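**Student:** Supplied in structure tokens, the structure appears directly below.
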Amino acid sequence: MKIATWNVNSLKVRLGHVLNWLAENPVDVLCLQETKLTDDKFPVAEIEAAGYQPLFAGQKTYNGVALLVRQGRVTADVTVNIPGFEDEQKRVISATVDGVRIVCAYVPNGQAIDSDKYQYKLRWLAAMRDWIADELSRHPKLALLGDYNIAPEDRDVHDPKAWEGQVLVSVPERAALAALQALGLHDSFRLFEQAEKSFSWWDYRMLGFRRNAGMRIDHILLSDALRAACTACVIDRAPRKLEQPSDHTPVIATIEG
DNA sequence: ATGCCGAAGATACTTCGA
């Protein structure tokens, strides 16, 4: 089984990239973030024609998440957002696919340490932790994929000095990510030998991609059972080189069995 | 160089992203 995550920064603009990528990379599940589409605008026909079943929860302008599940996979128990956590913003969609619990998450950005949005980010992450603890008790095979808006370590940041103490790397955010991992979730990317300065997002400004001035903020966390079966995790930089790219690029994990 | 780029709602700019 191959599972992937990609913040597309508008599915309307990036639909062609997504369809081309799926043709080249026929993963079993692709998790999308920042679709920025209300559900009535979701390109259902195009996704189905590409051989995928779409599950989605969107809103106008901001956020929006989707799961594209390869046709033939058995899908059950679709959940939108974090149960019990009141939230207008559409940031989570989950489903059980061939017995694996897939959680697709778009973690709040946080904007700045002194902003309300940062407090919301920390509250959101605490609610996510509590809910995932519950989910793990029901689903030993669980993968939490998405745009975490957190760089776990300094080696995941192009210029740690410049970013020190800022949003995406601050101590409370990293502690919130560590609290998720303490439930028994593992950063699949770090299970394997990886190139230095491996990133999943680059700023559109200041020639970020050309200078490889990026961050690794898109992650695939795997439960113990899935970690044991994981044979690879890679970042695919190719879509970031296309015309009119998303600022994020896909991350893919391979799980045997 | 966070006044930079890009998307979206709107229609002259603003908000937000990371």
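Residue numbering restarts at 1 in every chain; chains get A, B, ... in the order shown in the structure tokens, and ligands count up from 1 in that same order.
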Using DSSP secondary structure from the backbone, list all strand (DSSP E or B) positions within region 36-116 of chain A, as JSON, numbers by chain.
**Tutor:** {"A": [52, 53, 54, 55, 56, 57, 65, 66, 67, 68, 69, 70, 75, 76, 77, 78, 79, 80, 92, 93, 94, 95, 96, 97, 100, 101, 102, 103, 104, 105, 106]}
**Student:** Based on the selection just made, write N, CA and C atoms of those residues as a PDB file, in the first residue's frame.
**Tutor:**
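Contents of the output file result04.pdb:
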ATOM      1  N   TYR A  52     -10.113   7.245  -9.123  1.00  0.00           N
ATOM      2  CA  TYR A  52     -10.092   7.484  -7.682  1.00  0.00           C
ATOM      3  C   TYR A  52     -11.470   7.895  -7.174  1.00  0.00           C
ATOM      4  N   GLN A  53     -11.756   7.466  -5.941  1.00  0.00           N
ATOM      5  CA  GLN A  53     -12.966   7.887  -5.253  1.00  0.00           C
ATOM      6  C   GLN A  53     -12.622   9.077  -4.357  1.00  0.00           C
ATOM      7  N   PRO A  54     -13.268  10.226  -4.536  1.00  0.00           N
ATOM      8  CA  PRO A  54     -12.963  11.364  -3.680  1.00  0.00           C
ATOM      9  C   PRO A  54     -13.864  11.427  -2.448  1.00  0.00           C
ATOM     10  N   LEU A  55     -13.242  11.749  -1.308  1.00  0.00           N
ATOM     11  CA  LEU A  55     -13.969  12.057  -0.075  1.00  0.00           C
ATOM     12  C   LEU A  55     -13.474  13.437   0.324  1.00  0.00           C
ATOM     13  N   PHE A  56     -14.380  14.354   0.622  1.00  0.00           N
ATOM     14  CA  PHE A  56     -13.908  15.726   0.815  1.00  0.00           C
ATOM     15  C   PHE A  56     -14.751  16.500   1.809  1.00  0.00           C
ATOM     16  N   ALA A  57     -14.115  17.502   2.390  1.00  0.00           N
ATOM     17  CA  ALA A  57     -14.781  18.436   3.299  1.00  0.00           C
ATOM     18  C   ALA A  57     -14.145  19.788   3.042  1.00  0.00           C
ATOM     19  N   VAL A  65     -10.020  19.825   2.923  1.00  0.00           N
ATOM     20  CA  VAL A  65      -9.209  18.607   2.860  1.00  0.00           C
ATOM     21  C   VAL A  65      -9.953  17.548   2.053  1.00  0.00           C
ATOM     22  N   ALA A  66      -9.197  16.602   1.530  1.00  0.00           N
ATOM     23  CA  ALA A  66      -9.812  15.523   0.748  1.00  0.00           C
ATOM     24  C   ALA A  66      -8.952  14.274   0.816  1.00  0.00           C
ATOM     25  N   LEU A  67      -9.615  13.139   0.629  1.00  0.00           N
ATOM     26  CA  LEU A  67      -8.935  11.859   0.449  1.00  0.00           C
ATOM     27  C   LEU A  67      -9.300  11.365  -0.935  1.00  0.00           C
ATOM     28  N   LEU A  68      -8.290  11.037  -1.726  1.00  0.00           N
ATOM     29  CA  LEU A  68      -8.531  10.401  -3.016  1.00  0.00           C
ATOM     30  C   LEU A  68      -8.122   8.938  -2.841  1.00  0.00           C
ATOM     31  N   VAL A  69      -9.106   8.054  -2.937  1.00  0.00           N
ATOM     32  CA  VAL A  69      -8.892   6.628  -2.668  1.00  0.00           C
ATOM     33  C   VAL A  69      -8.999   5.861  -3.979  1.00  0.00           C
ATOM     34  N   ARG A  70      -7.971   5.111  -4.280  1.00  0.00           N
ATOM     35  CA  ARG A  70      -7.949   4.365  -5.525  1.00  0.00           C
ATOM     36  C   ARG A  70      -9.144   3.414  -5.595  1.00  0.00           C
ATOM     37  N   THR A  75     -13.506   1.225   1.584  1.00  0.00           N
ATOM     38  CA  THR A  75     -13.496   2.426   2.417  1.00  0.00           C
ATOM     39  C   THR A  75     -14.655   2.398   3.409  1.00  0.00           C
ATOM     40  N   ALA A  76     -14.351   2.760   4.669  1.00  0.00           N
ATOM     41  CA  ALA A  76     -15.387   2.768   5.704  1.00  0.00           C
ATOM     42  C   ALA A  76     -15.137   3.892   6.699  1.00  0.00           C
ATOM     43  N   ASP A  77     -16.153   4.190   7.488  1.00  0.00           N
ATOM     44  CA  ASP A  77     -16.041   5.093   8.649  1.00  0.00           C
ATOM     45  C   ASP A  77     -15.424   6.451   8.324  1.00  0.00           C
ATOM     46  N   VAL A  78     -16.031   7.167   7.401  1.00  0.00           N
ATOM     47  CA  VAL A  78     -15.544   8.506   7.056  1.00  0.00           C
ATOM     48  C   VAL A  78     -15.938   9.487   8.164  1.00  0.00           C
ATOM     49  N   THR A  79     -14.951  10.261   8.622  1.00  0.00           N
ATOM     50  CA  THR A  79     -15.165  11.249   9.687  1.00  0.00           C
ATOM     51  C   THR A  79     -14.631  12.592   9.223  1.00  0.00           C
ATOM     52  N   VAL A  80     -15.374  13.673   9.493  1.00  0.00           N
ATOM     53  CA  VAL A  80     -14.909  15.011   9.162  1.00  0.00           C
ATOM     54  C   VAL A  80     -14.584  15.764  10.450  1.00  0.00           C
ATOM     55  N   VAL A  92      -9.765  18.393   8.731  1.00  0.00           N
ATOM     56  CA  VAL A  92      -9.481  16.970   8.918  1.00  0.00           C
ATOM     57  C   VAL A  92     -10.536  16.137   8.196  1.00  0.00           C
ATOM     58  N   ILE A  93     -10.080  15.107   7.493  1.00  0.00           N
ATOM     59  CA  ILE A  93     -10.989  14.079   6.993  1.00  0.00           C
ATOM     60  C   ILE A  93     -10.298  12.728   7.157  1.00  0.00           C
ATOM     61  N   SER A  94     -11.065  11.744   7.609  1.00  0.00           N
ATOM     62  CA  SER A  94     -10.495  10.438   7.929  1.00  0.00           C
ATOM     63  C   SER A  94     -11.355   9.341   7.329  1.00  0.00           C
ATOM     64  N   ALA A  95     -10.731   8.217   7.037  1.00  0.00           N
ATOM     65  CA  ALA A  95     -11.458   7.043   6.569  1.00  0.00           C
ATOM     66  C   ALA A  95     -10.610   5.813   6.827  1.00  0.00           C
ATOM     67  N   THR A  96     -11.263   4.677   6.943  1.00  0.00           N
ATOM     68  CA  THR A  96     -10.546   3.412   7.052  1.00  0.00           C
ATOM     69  C   THR A  96     -10.498   2.797   5.660  1.00  0.00           C
ATOM     70  N   VAL A  97      -9.288   2.585   5.153  1.00  0.00           N
ATOM     71  CA  VAL A  97      -9.086   2.084   3.788  1.00  0.00           C
ATOM     72  C   VAL A  97      -8.354   0.746   3.864  1.00  0.00           C
ATOM     73  N   VAL A 100      -6.816   0.111   7.164  1.00  0.00           N
ATOM     74  CA  VAL A 100      -5.868   1.085   7.720  1.00  0.00           C
ATOM     75  C   VAL A 100      -6.600   2.405   7.966  1.00  0.00           C
ATOM     76  N   ARG A 101      -6.501   2.918   9.184  1.00  0.00           N
ATOM     77  CA  ARG A 101      -7.130   4.190   9.514  1.00  0.00           C
ATOM     78  C   ARG A 101      -6.262   5.319   8.953  1.00  0.00           C
ATOM     79  N   ILE A 102      -6.822   6.098   8.041  1.00  0.00           N
ATOM     80  CA  ILE A 102      -6.098   7.194   7.389  1.00  0.00           C
ATOM     81  C   ILE A 102      -6.687   8.503   7.896  1.00  0.00           C
ATOM     82  N   VAL A 103      -5.839   9.335   8.505  1.00  0.00           N
ATOM     83  CA  VAL A 103      -6.275  10.641   8.982  1.00  0.00           C
ATOM     84  C   VAL A 103      -5.507  11.702   8.202  1.00  0.00           C
ATOM     85  N   CYS A 104      -6.252  12.535   7.480  1.00  0.00           N
ATOM     86  CA  CYS A 104      -5.672  13.609   6.660  1.00  0.00           C
ATOM     87  C   CYS A 104      -5.900  14.927   7.381  1.00  0.00           C
ATOM     88  N   ALA A 105      -4.810  15.616   7.712  1.00  0.00           N
ATOM     89  CA  ALA A 105      -4.920  16.800   8.570  1.00  0.00           C
ATOM     90  C   ALA A 105      -4.216  18.020   7.978  1.00  0.00           C
ATOM     91  N   TYR A 106      -4.883  19.149   8.103  1.00  0.00           N
ATOM     92  CA  TYR A 106      -4.255  20.436   7.785  1.00  0.00           C
ATOM     93  C   TYR A 106      -4.178  21.229   9.085  1.00  0.00           C
TER      94      TYR A 106
END
**Student:** Identify all chain B residues at most 10 Å from chain A by counting only C-alpha atoms (C1' of nucleotides); ligands do not count. Present them as a ChimeraX atom specification.
**Tutor:** /B:1-2,4-9,16-18
**Student:** Please provide the set of residues having any atom within 7 Å of Asn63 (chain A), restricted to only C-alpha atoms (C1' of nucleotides), with same-chain residues fewer than 5 positions apart removed, written as an mmCIF file with N, CA and C atoms, in the first residue's frame.
**Tutor:**
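Result saved to result_8.cif:
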data_model
loop_
_atom_site.group_PDB
_atom_site.id
_atom_site.type_symbol
_atom_site.label_atom_id
_atom_site.label_comp_id
_atom_site.auth_asym_id
_atom_site.auth_seq_id
_atom_site.Cartn_x
_atom_site.Cartn_y
_atom_site.Cartn_z
ATOM 1 N N GLN A 33 -4.582 18.810 1.131
ATOM 2 C CA GLN A 33 -4.922 19.920 2.020
ATOM 3 C C GLN A 33 -4.984 21.223 1.212
ATOM 4 N N GLU A 34 -5.678 22.180 1.786
ATOM 5 C CA GLU A 34 -5.900 23.492 1.149
ATOM 6 C C GLU A 34 -6.529 23.338 -0.240
ATOM 7 N N THR A 35 -7.607 22.568 -0.296
ATOM 8 C CA THR A 35 -8.353 22.470 -1.551
ATOM 9 C C THR A 35 -9.036 23.796 -1.886
ATOM 10 N N LYS A 36 -9.444 24.551 -0.865
ATOM 11 C CA LYS A 36 -10.050 25.879 -1.031
ATOM 12 C C LYS A 36 -11.299 25.838 -1.913
ATOM 13 N N GLY A 58 -14.894 20.679 2.433
ATOM 14 C CA GLY A 58 -14.302 21.946 2.019
ATOM 15 C C GLY A 58 -15.054 23.158 2.515
ATOM 16 N N GLN A 89 -13.639 25.544 10.689
ATOM 17 C CA GLN A 89 -12.675 25.341 9.615
ATOM 18 C C GLN A 89 -12.554 23.851 9.287
ATOM 19 N N LYS A 90 -12.540 23.573 7.996
ATOM 20 C CA LYS A 90 -12.473 22.182 7.542
ATOM 21 C C LYS A 90 -11.001 21.786 7.381
ATOM 22 N N ARG A 91 -10.509 21.024 8.360
ATOM 23 C CA ARG A 91 -9.079 20.713 8.405
ATOM 24 C C ARG A 91 -8.748 19.231 8.527
#
**Student:** Measure the distance from CA of Arg227 (chain A) to CA of Trp124 (chain A) in Å and round it to one decimal.
**Tutor:**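 Between CA of Arg227 (chain A) and CA of Trp124 (chain A) the gap works out to 25.2 Å.
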**Student:** Residues near Asp187 (chain A), anyone? I mean within 12 Å using only C-alpha atoms (C1' of nucleotides), not counting same-chain ones fewer than 6 positions away, as a VMD selection string.
**Tutor:** chain A and resid 143 to 146 148 151 to 153 177 to 178 180 to 181 216 to 224 226 to 227 230 232 to 234 251 253
**Student:** Create the file for the chosen residues now, containing C-alpha atoms and written as an mmCIF file, in the first residue's frame.
**Tutor:**
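result_8.cif written:
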data_model
loop_
_atom_site.group_PDB
_atom_site.id
_atom_site.type_symbol
_atom_site.label_atom_id
_atom_site.label_comp_id
_atom_site.auth_asym_id
_atom_site.auth_seq_id
_atom_site.Cartn_x
_atom_site.Cartn_y
_atom_site.Cartn_z
ATOM 1 C CA ALA A 143 -1.501 6.806 9.665
ATOM 2 C CA LEU A 144 -1.712 10.532 10.356
ATOM 3 C CA LEU A 145 -0.737 12.397 7.188
ATOM 4 C CA GLY A 146 -0.776 16.030 6.300
ATOM 5 C CA TYR A 148 1.558 19.836 10.164
ATOM 6 C CA ALA A 151 9.307 21.473 11.439
ATOM 7 C CA PRO A 152 10.223 18.744 13.979
ATOM 8 C CA GLU A 153 13.939 19.513 14.269
ATOM 9 C CA LEU A 177 4.094 17.233 17.834
ATOM 10 C CA ALA A 178 6.168 15.226 20.343
ATOM 11 C CA LEU A 180 1.390 13.075 19.258
ATOM 12 C CA GLN A 181 4.473 10.930 18.687
ATOM 13 C CA ARG A 216 10.026 19.935 6.169
ATOM 14 C CA ILE A 217 6.524 20.470 7.542
ATOM 15 C CA ASP A 218 4.509 17.787 5.720
ATOM 16 C CA HIS A 219 4.670 14.468 7.510
ATOM 17 C CA ILE A 220 3.417 10.898 7.548
ATOM 18 C CA LEU A 221 3.230 9.568 11.109
ATOM 19 C CA LEU A 222 2.707 5.815 11.464
ATOM 20 C CA SER A 223 1.501 3.707 14.372
ATOM 21 C CA ASP A 224 3.745 0.898 15.688
ATOM 22 C CA LEU A 226 2.466 0.360 10.361
ATOM 23 C CA ARG A 227 6.011 1.376 11.194
ATOM 24 C CA CYS A 230 6.908 0.600 6.278
ATOM 25 C CA ALA A 232 10.104 3.598 2.295
ATOM 26 C CA CYS A 233 9.241 7.254 2.723
ATOM 27 C CA VAL A 234 10.210 9.809 0.092
ATOM 28 C CA VAL A 251 5.393 12.954 0.601
ATOM 29 C CA ALA A 253 5.121 6.220 2.289
#
**Student:** When DSSP is applied to the backbone of this structure, which of region 40-126 of chain A are assigned alpha helix (DSSP H)? Write them out as an mmCIF file with C-alpha atoms, in the first residue's frame.
**Tutor:**
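Result file follows (result-v5.cif):
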data_model
loop_
_atom_site.group_PDB
_atom_site.id
_atom_site.type_symbol
_atom_site.label_atom_id
_atom_site.label_comp_id
_atom_site.auth_asym_id
_atom_site.auth_seq_id
_atom_site.Cartn_x
_atom_site.Cartn_y
_atom_site.Cartn_z
ATOM 1 C CA VAL A 44 -15.709 14.692 -8.588
ATOM 2 C CA ALA A 45 -16.035 13.629 -12.241
ATOM 3 C CA GLU A 46 -12.374 14.333 -13.061
ATOM 4 C CA ILE A 47 -11.117 12.447 -9.989
ATOM 5 C CA GLU A 48 -13.389 9.474 -10.710
ATOM 6 C CA ALA A 49 -12.300 9.411 -14.340
ATOM 7 C CA ASP A 116 -4.924 34.283 18.515
ATOM 8 C CA LYS A 117 -4.241 31.944 15.614
ATOM 9 C CA TYR A 118 -1.243 30.519 17.473
ATOM 10 C CA GLN A 119 -3.407 29.770 20.528
ATOM 11 C CA TYR A 120 -5.928 28.144 18.214
ATOM 12 C CA LYS A 121 -3.120 26.025 16.707
ATOM 13 C CA LEU A 122 -2.084 24.747 20.157
ATOM 14 C CA ARG A 123 -5.700 24.063 21.212
ATOM 15 C CA TRP A 124 -6.289 22.268 17.922
ATOM 16 C CA LEU A 125 -3.179 20.108 18.361
ATOM 17 C CA ALA A 126 -4.207 19.193 21.930
#
**Student:** Please, what distance in Å, to one decimal, runs between CA of Pro250 (chain A) and CA of Gln71 (chain A)?
**Tutor:** 20.3 Å
